[in-house]
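**Q** File query_28.txt below, compact mmCIF, C-alpha atoms:
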# COMPACT_ATOMS: atom_id res chain seq x y z
CA MET A 228 25.69 0.23 -0.63
CA ASP A 229 23.47 -0.82 -3.55
CA SER A 230 20.81 -3.44 -2.93
CA LEU A 231 19.67 -6.17 -5.26
CA GLY A 232 16.03 -5.32 -4.52
CA ALA A 233 16.35 -1.82 -5.99
CA LEU A 234 18.67 -2.47 -8.96
CA PRO A 235 17.10 -1.62 -12.32
CA PHE A 236 17.23 -4.51 -14.76
CA ALA A 237 19.81 -2.85 -17.00
CA ALA A 238 22.12 -2.30 -14.03
CA LEU A 239 21.60 -5.90 -12.95
CA ALA A 240 22.43 -7.20 -16.43
CA GLY A 241 25.49 -4.95 -16.52
CA ARG A 242 26.84 -6.29 -13.24
CA LEU A 243 26.33 -9.88 -14.35
CA GLY A 244 27.42 -9.29 -17.93
CA SER A 245 24.37 -11.14 -19.17
CA HIS A 246 20.72 -10.39 -19.85
CA THR A 247 19.91 -14.08 -19.37
CA ARG A 248 21.55 -14.25 -15.94
CA ALA A 249 19.83 -11.01 -14.90
CA LEU A 250 16.48 -12.54 -15.86
CA ALA A 251 17.30 -15.61 -13.77
CA VAL A 252 18.03 -13.37 -10.77
CA ARG A 253 14.74 -11.52 -11.19
CA LYS A 254 12.86 -14.83 -11.42
CA TRP A 255 14.59 -15.99 -8.23
CA LEU A 256 13.77 -12.74 -6.45
CA PHE A 257 10.12 -12.66 -7.52
CA GLY A 258 9.47 -16.38 -7.88
CA ARG A 259 7.92 -18.90 -5.54
CA GLY A 260 11.02 -20.54 -4.06
CA PRO A 261 12.77 -19.50 -0.83
CA LEU A 262 14.71 -16.24 -0.75
CA ALA A 263 17.27 -17.61 1.69
CA HIS A 264 20.67 -18.19 0.10
CA ASP A 265 24.17 -19.30 1.02
CA GLY A 266 25.91 -16.41 -0.72
CA ARG A 267 24.97 -17.47 -4.23
CA ILE A 268 21.85 -17.80 -6.36
CA PRO A 269 21.54 -21.34 -7.73
CA GLY A 270 22.38 -21.58 -11.41
CA VAL A 271 23.50 -17.96 -11.78
CA ARG A 272 27.20 -17.52 -12.50
CA GLY A 273 28.57 -14.38 -10.87
CA SER A 274 25.83 -14.22 -8.25
CA GLU A 275 28.35 -14.52 -5.38
CA ARG A 276 29.91 -11.18 -6.28
CA LEU A 277 26.48 -9.65 -6.97
CA LEU A 278 25.17 -10.60 -3.53
CA ALA A 279 28.36 -9.37 -1.88
CA GLU A 280 28.22 -5.99 -3.61
CA ALA A 281 24.43 -5.51 -3.69
CA PRO A 282 22.88 -7.73 -1.01
CA LEU A 283 19.22 -8.00 -0.20
CA PRO A 284 18.18 -5.84 2.77
CA PRO A 285 18.80 -7.69 6.04
CA HIS A 286 15.44 -8.92 7.31
CA GLU A 287 13.60 -11.71 9.02
CA LEU A 288 10.01 -12.86 9.15
CA ALA A 289 8.89 -11.78 12.62
CA ALA A 290 5.30 -12.99 12.29
CA ARG A 291 2.86 -14.50 9.84
CA GLN A 292 -0.92 -14.63 10.22
CA VAL A 293 -3.59 -16.04 7.91
CA ALA A 294 -7.25 -15.01 8.08
CA PRO A 295 -10.10 -17.38 7.20
CA ASP A 296 -10.56 -15.56 3.88
CA GLY A 297 -6.94 -16.28 2.93
CA THR A 298 -5.63 -12.78 3.59
CA THR A 299 -2.07 -13.15 4.87
CA LYS A 300 -0.21 -10.59 6.95
CA LEU A 301 3.58 -10.67 7.26
CA ALA A 302 5.53 -8.71 9.87
CA LEU A 303 9.03 -8.16 8.47
CA ALA A 304 11.81 -7.03 10.77
CA PHE A 305 14.38 -4.77 9.11
CA PRO A 306 17.20 -3.06 11.01
CA GLY A 307 15.50 -0.60 13.34
CA ALA A 308 12.06 -1.15 11.85
CA THR A 309 9.30 -3.75 11.83
CA VAL A 310 6.63 -3.28 9.18
CA GLU A 311 3.68 -5.21 7.87
CA ALA A 312 2.78 -6.27 4.33
CA VAL A 313 -0.48 -7.96 3.38
CA MET A 314 -1.38 -10.37 0.59
CA ILE A 315 -5.08 -10.24 -0.31
CA PRO A 316 -6.23 -13.13 -2.53
CA GLY A 317 -8.56 -12.42 -5.42
CA ARG A 318 -10.17 -14.16 -8.34
CA GLY A 319 -7.46 -14.63 -10.95
CA ARG A 320 -5.00 -12.26 -9.30
CA SER A 321 -4.06 -11.16 -5.81
CA THR A 322 -3.16 -7.80 -4.31
CA VAL A 323 -0.16 -6.95 -2.14
CA CYS A 324 -0.45 -4.03 0.27
CA LEU A 325 2.95 -2.45 0.94
CA SER A 326 4.26 -0.23 3.72
CA SER A 327 6.45 2.77 2.89
CA GLN A 328 7.46 3.78 6.43
CA ALA A 329 7.91 2.21 9.84
CA GLY A 330 5.17 4.04 11.71
CA CYS A 331 3.82 7.19 10.10
CA THR A 332 4.53 10.90 9.89
CA ARG A 333 0.79 11.70 10.05
CA SER A 334 -1.58 11.70 13.04
CA CYS A 335 -4.91 10.49 11.63
CA THR A 336 -7.14 9.82 14.62
CA PHE A 337 -8.74 6.66 13.19
CA CYS A 338 -5.58 4.76 12.21
CA ALA A 339 -3.65 2.22 14.28
CA THR A 340 -0.36 3.04 12.55
CA ALA A 341 -0.56 6.68 13.64
CA ARG A 342 -0.43 5.58 17.28
CA LEU A 343 3.06 4.18 16.75
CA GLY A 344 4.63 7.51 15.86
CA PHE A 345 7.35 7.57 13.22
CA ALA A 346 10.49 5.40 13.25
CA ARG A 347 12.02 5.79 9.79
CA ASN A 348 11.48 5.70 6.06
CA LEU A 349 11.93 2.42 4.24
CA SER A 350 14.38 2.10 1.38
CA ALA A 351 13.21 1.18 -2.11
CA ALA A 352 14.82 -2.24 -1.66
CA GLU A 353 12.91 -2.82 1.59
CA ILE A 354 9.65 -1.92 -0.15
CA VAL A 355 10.40 -4.26 -3.07
CA LEU A 356 11.34 -7.03 -0.66
CA GLN A 357 7.91 -6.79 0.99
CA TYR A 358 6.37 -7.51 -2.40
CA ALA A 359 8.78 -10.39 -3.05
CA ARG A 360 7.91 -12.01 0.29
CA ALA A 361 4.15 -11.36 0.22
CA ALA A 362 3.72 -12.39 -3.43
CA ARG A 363 5.00 -15.84 -2.50
CA GLU A 364 1.88 -16.25 -0.36
CA ALA A 365 -0.44 -15.92 -3.38
CA ALA A 366 -1.93 -19.02 -4.98
CA PRO A 367 -0.43 -20.04 -8.34
CA ASP A 368 -3.77 -19.44 -10.06
CA ALA A 369 -4.07 -15.95 -8.54
CA PRO A 370 -0.60 -14.39 -8.75
CA ALA A 371 0.12 -11.05 -7.09
CA ARG A 372 -0.43 -8.66 -9.98
CA ASN A 373 -1.87 -5.72 -8.03
CA VAL A 374 0.08 -3.52 -5.63
CA VAL A 375 -1.33 -0.85 -3.33
CA PHE A 376 0.85 1.47 -1.27
CA MET A 377 -1.73 1.55 1.52
CA GLY A 378 0.16 -0.08 4.37
CA MET A 379 2.05 1.63 7.15
CA GLY A 380 3.19 5.19 6.51
CA GLU A 381 2.45 8.13 4.21
CA PRO A 382 3.94 7.15 0.81
CA LEU A 383 4.33 10.73 -0.39
CA ASP A 384 6.55 11.54 2.60
CA ASN A 385 8.97 8.91 1.25
CA LEU A 386 8.40 9.55 -2.42
CA ASP A 387 11.93 8.97 -3.77
CA ALA A 388 11.89 5.41 -2.42
CA VAL A 389 8.29 4.80 -3.51
CA LEU A 390 9.01 5.93 -7.08
CA ALA A 391 12.14 3.78 -7.23
CA ALA A 392 10.27 0.73 -5.91
CA GLU A 393 7.38 1.36 -8.29
CA ALA A 394 9.83 1.46 -11.22
CA VAL A 395 11.35 -1.91 -10.29
CA LEU A 396 7.93 -3.53 -9.85
CA MET A 397 6.71 -2.26 -13.23
CA GLU A 398 9.93 -2.99 -15.08
CA PRO A 399 10.09 -5.66 -17.80
CA PRO A 400 10.84 -8.43 -18.19
CA PHE A 401 9.84 -9.35 -14.62
CA PRO A 402 7.73 -8.69 -12.53
CA ARG A 403 6.31 -6.18 -15.04
CA LEU A 404 3.23 -5.02 -13.13
CA SER A 405 0.84 -2.87 -15.13
CA PRO A 406 0.74 0.82 -14.14
CA ALA A 407 -3.05 0.43 -14.00
CA HIS A 408 -2.57 -2.14 -11.23
CA VAL A 409 -0.31 -0.04 -8.98
CA THR A 410 -1.97 2.46 -6.64
CA VAL A 411 -0.25 4.93 -4.33
CA SER A 412 -2.47 6.23 -1.53
CA THR A 413 -2.02 9.53 0.25
CA SER A 414 -3.65 11.23 3.20
CA GLY A 415 -3.24 14.47 1.26
CA VAL A 416 0.26 15.93 0.91
CA VAL A 417 0.05 18.59 -1.78
CA PRO A 418 3.76 18.84 -2.79
CA GLY A 419 3.97 15.05 -3.05
CA MET A 420 0.69 14.85 -4.95
CA LYS A 421 1.93 17.34 -7.52
CA ARG A 422 5.17 15.42 -7.97
CA TYR A 423 3.54 12.00 -8.13
CA LEU A 424 0.98 13.19 -10.66
CA ARG A 425 3.92 14.39 -12.80
CA GLU A 426 6.37 11.52 -12.28
CA GLY A 427 4.48 8.49 -11.01
CA ARG A 428 3.25 5.83 -13.39
CA GLY A 429 0.65 4.24 -11.12
CA ARG A 430 -2.65 5.69 -9.96
CA LEU A 431 -3.01 8.12 -7.09
CA ALA A 432 -5.62 7.49 -4.39
CA LEU A 433 -6.59 10.45 -2.21
CA SER A 434 -7.92 9.55 1.24
CA LEU A 435 -10.49 12.33 1.65
CA ASN A 436 -12.86 11.04 4.39
CA ALA A 437 -14.75 14.29 4.97
CA THR A 438 -16.42 17.05 3.00
CA SER A 439 -15.60 19.98 5.31
CA ASP A 440 -12.25 21.20 6.56
CA ALA A 441 -13.58 21.39 10.11
CA LEU A 442 -14.42 17.67 10.27
CA ARG A 443 -11.36 16.64 8.30
CA ARG A 444 -9.10 18.55 10.72
CA GLU A 445 -10.56 16.52 13.59
CA LEU A 446 -9.90 13.28 11.74
CA MET A 447 -6.70 14.22 9.89
CA PRO A 448 -4.95 17.14 11.63
CA HIS A 449 -2.61 17.94 8.73
CA THR A 450 -5.69 19.35 6.95
CA ARG A 451 -4.63 22.61 8.63
CA THR A 452 -1.71 22.71 6.19
CA TRP A 453 -3.49 21.37 3.11
CA PRO A 454 -7.27 21.98 3.16
CA ILE A 455 -9.67 20.08 0.95
CA ALA A 456 -9.74 22.79 -1.74
CA ALA A 457 -5.94 22.61 -2.12
CA LEU A 458 -6.09 18.83 -2.51
CA LEU A 459 -8.82 18.86 -5.13
CA ASP A 460 -7.34 21.84 -6.99
CA THR A 461 -4.10 19.84 -7.30
CA VAL A 462 -6.01 17.01 -8.96
CA ARG A 463 -7.92 19.41 -11.22
CA ALA A 464 -4.71 21.09 -12.37
CA ALA A 465 -3.07 17.74 -13.17
CA GLN A 466 -6.12 16.57 -15.11
CA ALA A 467 -6.27 19.86 -17.01
CA GLU A 468 -2.74 19.12 -18.25
CA ASP A 469 -3.39 15.42 -18.88
CA ALA A 470 -6.99 14.26 -19.11
CA SER A 471 -5.93 10.61 -18.77
CA LYS A 472 -4.89 11.09 -15.13
CA SER A 473 -7.86 9.68 -13.28
CA VAL A 474 -7.58 9.19 -9.53
CA PHE A 475 -9.29 7.27 -6.77
CA VAL A 476 -10.96 9.09 -3.91
CA GLU A 477 -11.06 7.00 -0.75
CA TYR A 478 -13.74 7.77 1.77
CA VAL A 479 -13.77 5.89 5.07
CA LEU A 480 -17.30 5.72 6.49
CA TRP A 481 -17.94 6.15 10.23
CA ASP A 482 -21.31 5.67 11.86
CA GLY A 483 -22.83 9.05 12.66
CA VAL A 484 -19.72 10.97 11.62
CA ASN A 485 -19.61 11.31 7.83
CA ASP A 486 -22.19 8.85 6.49
CA SER A 487 -25.33 10.98 6.06
CA ASP A 488 -27.16 11.75 2.82
CA ALA A 489 -26.04 15.36 3.26
CA GLU A 490 -22.40 14.25 3.35
CA ALA A 491 -22.94 12.16 0.22
CA ASP A 492 -24.41 15.16 -1.58
CA ALA A 493 -21.55 17.37 -0.43
CA LEU A 494 -19.04 14.80 -1.74
CA ILE A 495 -20.82 14.75 -5.10
CA ALA A 496 -20.53 18.54 -5.29
CA LEU A 497 -16.86 18.59 -4.24
CA LEU A 498 -15.88 16.14 -6.95
CA ASP A 499 -17.73 17.93 -9.75
CA GLY A 500 -15.46 18.18 -12.77
CA ILE A 501 -12.89 15.70 -11.38
CA ALA A 502 -12.34 12.31 -13.02
CA ALA A 503 -12.30 10.07 -9.96
CA HIS A 504 -13.65 6.72 -8.88
CA VAL A 505 -14.84 6.69 -5.28
CA ASN A 506 -13.91 3.82 -2.96
CA LEU A 507 -16.07 3.67 0.15
CA ILE A 508 -14.39 1.94 3.07
CA PRO A 509 -16.51 1.00 6.10
CA HIS A 510 -14.33 1.64 9.14
CA ASN A 511 -12.25 -1.30 10.33
CA PRO A 512 -12.19 -1.45 14.15
CA VAL A 513 -9.07 -0.50 16.12
CA ASP A 514 -8.88 -1.25 19.82
CA GLY A 515 -9.18 1.88 21.93
CA LEU A 516 -10.55 4.14 19.19
CA PRO A 517 -14.12 5.48 19.39
CA PHE A 518 -15.15 4.80 15.80
CA ALA A 519 -17.58 2.26 14.33
CA PRO A 520 -18.67 1.40 10.78
CA PRO A 521 -22.17 2.37 9.68
CA PRO A 522 -24.90 -0.27 9.36
CA LEU A 523 -24.92 -2.06 6.03
CA ALA A 524 -28.08 -0.25 4.90
CA ARG A 525 -26.44 3.14 5.48
CA VAL A 526 -23.33 2.11 3.51
CA ARG A 527 -25.51 0.98 0.62
CA ALA A 528 -27.60 4.16 0.74
CA PHE A 529 -24.46 6.34 0.63
CA GLN A 530 -23.10 4.32 -2.29
CA LYS A 531 -26.41 4.53 -4.17
CA ARG A 532 -26.59 8.29 -3.77
CA LEU A 533 -23.15 8.69 -5.36
CA ALA A 534 -23.84 6.13 -8.07
CA ASP A 535 -27.17 7.78 -8.96
CA SER A 536 -25.27 11.03 -9.54
CA GLY A 537 -23.18 9.26 -12.19
CA ARG A 538 -20.10 8.77 -10.00
CA ARG A 539 -18.55 5.32 -10.23
CA THR A 540 -18.51 4.11 -6.63
CA ILE A 541 -17.55 0.78 -5.09
CA VAL A 542 -17.45 -0.45 -1.51
CA ARG A 543 -14.16 -1.95 -0.36
CA TRP A 544 -15.44 -4.57 2.03
CA PRO A 545 -12.99 -5.51 4.80
CA ARG A 546 -10.48 -8.30 4.32
CA GLY A 547 -8.36 -9.74 7.11
CA VAL A 548 -10.08 -7.80 9.92
CA GLY A 549 -9.65 -10.67 12.39
CA ILE A 550 -5.87 -10.52 12.10
CA ALA A 551 -5.73 -6.69 12.04
CA ALA A 552 -4.70 -6.70 8.37
CA ALA A 553 -7.42 -4.41 7.02
CA CYS A 554 -7.17 -0.76 6.06
CA GLY A 555 -6.20 1.38 9.06
CA GLN A 556 -5.34 -1.57 11.30
CA LEU A 557 -1.64 -2.10 10.58
CA ALA A 558 0.45 -1.41 13.66
CA GLY A 559 3.72 -3.25 13.24
CA GLN A 560 4.47 -5.36 16.25
CA GLY A 561 4.07 -2.68 18.91
CA ALA A 562 1.69 -3.79 21.64
CA ASN A 563 0.69 -6.90 19.69
CA SER A 564 4.16 -8.42 19.35
CA GLU A 565 3.67 -11.38 21.69
CA ARG A 566 0.30 -12.24 20.15
CA LEU A 567 1.66 -11.92 16.61
CA LEU A 568 4.65 -14.12 17.32
CA SER A 569 2.67 -16.80 19.11
CA VAL A 570 0.10 -17.00 16.32
CA SER A 571 2.72 -16.98 13.58
CA ARG A 572 4.74 -19.80 15.15
CA SER A 573 1.66 -21.98 15.57
CA GLU A 574 0.60 -21.43 11.94
CA GLU A 575 3.99 -21.27 10.20
CA ARG A 576 4.22 -23.24 6.98
CA PRO A 577 6.65 -23.21 4.05
CA ALA A 578 6.10 -20.48 1.46
Can you turn what I pasted into structure tokens?
**A**
Amino acid sequence: MDSLGALPFAALAGRLGSHTRALAVRKWLFGRGPLAHDGRIPGVRGSERLLAEAPLPPHELAARQVAPDGTTKLALAFPGATVEAVMIPGRGRSTVCLSSQAGCTRSCTFCATARLGFARNLSAAEIVLQYARAAREAAPDAPARNVVFMGMGEPLDNLDAVLAAEAVLMEPPFPRLSPAHVTVSTSGVVPGMKRYLREGRGRLALSLNATSDALRRELMPHTRTWPIAALLDTVRAAQAEDASKSVFVEYVLWDGVNDSDAEADALIALLDGIAAHVNLIPHNPVDGLPFAPPPLARVRAFQKRLADSGRRTIVRWPRGVGIAAACGQLAGQGANSERLLSVSRSEERPA
């Protein structure tokens, strides 16, 4: 069955027989009011049939947590899957972090999601619905205009759905996100990277995290299949065909693991000839895992070494760590379900 969340605008207008009514539906879906309905969308003639033939994905808000910095994490329960989406407030615009899978197909040793195993892929409509729900948490003066596919799951292992969701989110007249403000992150899946660099309209972010295959295999076991050279050669080949295809390289920093000056120099050498901005991410703690972020001075020294080489480098400081909403911390409801539900019920407020 089709779903309203994944219908292209032209198909929506065709079903309703009206561009104006289709625009009203999109504004309802991506607006600030409640998504709950009684089988019709107020003020939209023909919406009863639309919702019957192409309903929203069944879902409920299982938990809601708000950090002191305003970062808001939503646990959304879909049939057979509970996933988390995060709204991160910013100056003038906010960012929504979306999940592409329930659990993950990868086994990265530093990530909470990997400990869940893999439940299932999310549909394009379920991905779009995460944005619709999380964007409602943004302040009116900082609307959700950035999207990052950096939540639960490996986006390139569910690429058909990710591309379809990306298309809806970028589509005019609404929500019309800029391709420059949509980022799809990958742990390094070469076939998916090649396809996304051909077909995707957003920006690709490669989570590299090490400068040698030996260390990266310890951290990210699938490096055995796709070593660092294969990942970077894929980017080089895409940029040789289209010089405008810049990428992000994400590098999580762990104290005493990959944060030395020698590692910084090796990263500079690896990225020679590649148009890439580097995002440094001090590790966000996960209970039971033996990793820690470097001291602030070490993070700054690593950043300076890259910047002095001419490489644009920023530090992505943690947001929402206290509610396990930061990079690498998302774990659905798993072992935290009772805590999530109790916190969400005590803090629940209207959207």
**Q** Need the shell around Val313 of chain A: protein/DNA/RNA residues with any atom at most 6 Å away, counting all atoms listed in the file. Skip same-chain ones fewer than 3 positions apart. Format as a list in words?
**A**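 These residues fall inside the cut-off: Thr299, Lys300, Val323 and Cys324 of chain A.
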**Q** Distance table requested - segment 378-423 of chain A against segment 336-360 of chain A, cut-off 9 Å, all atoms listed in the file: one row per qualifying residue with the closest atom pair and its distance in Å to one decimal, ordered by chain and rising residue number, as CSV.
**A**
residue,atom,partner,partner_atom,distance
A:Gly378,CA,A:Thr340,CA,8.8
A:Met379,CA,A:Thr340,CA,6.1
A:Gly380,CA,A:Thr340,CA,7.3
A:Asp384,CA,A:Asn348,CA,8.4
A:Asn385,CA,A:Asn348,CA,6.3
A:Asp387,CA,A:Ala351,CA,8.1
A:Ala388,CA,A:Ala351,CA,4.4
A:Val389,CA,A:Ala351,CA,6.3
A:Leu390,CA,A:Ala351,CA,8.1
A:Ala391,CA,A:Ala351,CA,5.8
A:Ala392,CA,A:Ala351,CA,4.8
A:Glu393,CA,A:Val355,CA,8.2
A:Val395,CA,A:Val355,CA,7.7
A:Leu396,CA,A:Val355,CA,7.3
**Q** So what do you get for atom CA of Val542 of chain A versus atom CA of Thr461 of chain A, distance-wise?
**A** 25.0 Å
**Q** Which residues are close to Ala304 of chain A, i.e. within 8 Å by all atoms listed in the file, leaving aside same-chain residues fewer than 5 positions away? Reply as a list in words.
**A**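 These residues fall inside the cut-off: His286, Glu287, Leu288, Ala289, Thr309 and Val310 of chain A.
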**Q** Around the point (-0.7, -10.9, -2.9) (coordinates from the file), which residues reach within 8 Å if we count all atoms listed in the file? Answer as a ChimeraX atom specification.
**A** /A:313-316,320-324,358,361-365,370-374
**Q** Could the residues in this selection be written to a file with C-alpha atoms, as a PDB file, in the coordinates of the input?
**A**
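And here is the file that came out, part-v5.pdb:
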ATOM      1  CA  VAL A 313      -0.480  -7.960   3.380  1.00  0.00           C
ATOM      2  CA  MET A 314      -1.380 -10.370   0.590  1.00  0.00           C
ATOM      3  CA  ILE A 315      -5.080 -10.240  -0.310  1.00  0.00           C
ATOM      4  CA  PRO A 316      -6.230 -13.130  -2.530  1.00  0.00           C
ATOM      5  CA  ARG A 320      -5.000 -12.260  -9.300  1.00  0.00           C
ATOM      6  CA  SER A 321      -4.060 -11.160  -5.810  1.00  0.00           C
ATOM      7  CA  THR A 322      -3.160  -7.800  -4.310  1.00  0.00           C
ATOM      8  CA  VAL A 323      -0.160  -6.950  -2.140  1.00  0.00           C
ATOM      9  CA  CYS A 324      -0.450  -4.030   0.270  1.00  0.00           C
ATOM     10  CA  TYR A 358       6.370  -7.510  -2.400  1.00  0.00           C
ATOM     11  CA  ALA A 361       4.150 -11.360   0.220  1.00  0.00           C
ATOM     12  CA  ALA A 362       3.720 -12.390  -3.430  1.00  0.00           C
ATOM     13  CA  ARG A 363       5.000 -15.840  -2.500  1.00  0.00           C
ATOM     14  CA  GLU A 364       1.880 -16.250  -0.360  1.00  0.00           C
ATOM     15  CA  ALA A 365      -0.440 -15.920  -3.380  1.00  0.00           C
ATOM     16  CA  PRO A 370      -0.600 -14.390  -8.750  1.00  0.00           C
ATOM     17  CA  ALA A 371       0.120 -11.050  -7.090  1.00  0.00           C
ATOM     18  CA  ARG A 372      -0.430  -8.660  -9.980  1.00  0.00           C
ATOM     19  CA  ASN A 373      -1.870  -5.720  -8.030  1.00  0.00           C
ATOM     20  CA  VAL A 374       0.080  -3.520  -5.630  1.00  0.00           C
TER      21      VAL A 374
END
**Q** Go through A:Val462, A:Ala238, A:Met397, A:Ala491 one by one, measure the shortest atom-to-atom distance of each to Ala437 of chain A using only C-alpha atoms, and give the residue with the smallest value.
**A**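 Answer, going by the shortest atom-to-atom distance: A:Ala491.
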**Q** So that I can see what lies close to Leu435 of chain A, please list as a PyMOL selection string the residues with an atom at most 10 Å from it, counting only C-alpha atoms and leaving out residues fewer than 4 positions away in the same chain.
**A** chain A and resi 413-415+439+443+447+455+458-459+475-479+494+505
**Q** Nearest to Ile501 of chain A: which of A:Gln466, A:Ser327, A:Gln530, A:Ser274 is it, counting only C-alpha atoms?
**A**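 Nearest candidate to Ile501 of chain A out of A:Gln466, A:Ser327, A:Gln530, A:Ser274: A:Gln466.
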**Q** Which value, in Å to one decimal, gives the distance between atom CA of Leu301 of chain A and atom CA of Gly258 of chain A?
**A**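 Pair atom CA of Leu301 of chain A / atom CA of Gly258 of chain A returns 17.2 Å.
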**Q** Could you jot down the atom CA of Ala470 of chain A to atom CA of Leu533 of chain A separation for me, Å, one decimal place?
**A**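 Taking atom CA of Ala470 of chain A and atom CA of Leu533 of chain A, their separation equals 21.9 Å.
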**Q** Reconstruct segment 516-528 of chain A at the level of N, CA and C atoms, and format the result as a PDB file, in the frame of the given file.
**A**
ATOM      1  N   LEU A 516     -10.104   2.979  19.957  1.00  0.00           N
ATOM      2  CA  LEU A 516     -10.550   4.140  19.190  1.00  0.00           C
ATOM      3  C   LEU A 516     -12.080   4.169  19.144  1.00  0.00           C
ATOM      4  N   PRO A 517     -12.667   5.364  19.206  1.00  0.00           N
ATOM      5  CA  PRO A 517     -14.120   5.480  19.390  1.00  0.00           C
ATOM      6  C   PRO A 517     -14.917   5.505  18.094  1.00  0.00           C
ATOM      7  N   PHE A 518     -14.477   4.770  17.092  1.00  0.00           N
ATOM      8  CA  PHE A 518     -15.150   4.800  15.800  1.00  0.00           C
ATOM      9  C   PHE A 518     -15.813   3.454  15.518  1.00  0.00           C
ATOM     10  N   ALA A 519     -16.886   3.486  14.729  1.00  0.00           N
ATOM     11  CA  ALA A 519     -17.580   2.260  14.330  1.00  0.00           C
ATOM     12  C   ALA A 519     -18.048   2.411  12.888  1.00  0.00           C
ATOM     13  N   PRO A 520     -18.147   1.320  12.139  1.00  0.00           N
ATOM     14  CA  PRO A 520     -18.670   1.400  10.780  1.00  0.00           C
ATOM     15  C   PRO A 520     -20.178   1.610  10.802  1.00  0.00           C
ATOM     16  N   PRO A 521     -20.712   2.211   9.755  1.00  0.00           N
ATOM     17  CA  PRO A 521     -22.170   2.370   9.680  1.00  0.00           C
ATOM     18  C   PRO A 521     -22.846   1.016   9.471  1.00  0.00           C
ATOM     19  N   PRO A 522     -24.145   0.935   9.740  1.00  0.00           N
ATOM     20  CA  PRO A 522     -24.900  -0.270   9.360  1.00  0.00           C
ATOM     21  C   PRO A 522     -24.833  -0.475   7.849  1.00  0.00           C
ATOM     22  N   LEU A 523     -25.008  -1.720   7.441  1.00  0.00           N
ATOM     23  CA  LEU A 523     -24.920  -2.060   6.030  1.00  0.00           C
ATOM     24  C   LEU A 523     -25.879  -1.220   5.183  1.00  0.00           C
ATOM     25  N   ALA A 524     -27.097  -1.019   5.673  1.00  0.00           N
ATOM     26  CA  ALA A 524     -28.080  -0.250   4.900  1.00  0.00           C
ATOM     27  C   ALA A 524     -27.611   1.171   4.662  1.00  0.00           C
ATOM     28  N   ARG A 525     -26.932   1.760   5.633  1.00  0.00           N
ATOM     29  CA  ARG A 525     -26.440   3.140   5.480  1.00  0.00           C
ATOM     30  C   ARG A 525     -25.303   3.189   4.466  1.00  0.00           C
ATOM     31  N   VAL A 526     -24.408   2.182   4.493  1.00  0.00           N
ATOM     32  CA  VAL A 526     -23.330   2.110   3.510  1.00  0.00           C
ATOM     33  C   VAL A 526     -23.914   2.029   2.098  1.00  0.00           C
ATOM     34  N   ARG A 527     -24.908   1.159   1.934  1.00  0.00           N
ATOM     35  CA  ARG A 527     -25.510   0.980   0.620  1.00  0.00           C
ATOM     36  C   ARG A 527     -26.233   2.251   0.165  1.00  0.00           C
ATOM     37  N   ALA A 528     -26.897   2.929   1.098  1.00  0.00           N
ATOM     38  CA  ALA A 528     -27.600   4.160   0.740  1.00  0.00           C
ATOM     39  C   ALA A 528     -26.614   5.241   0.303  1.00  0.00           C
TER      40      ALA A 528
END
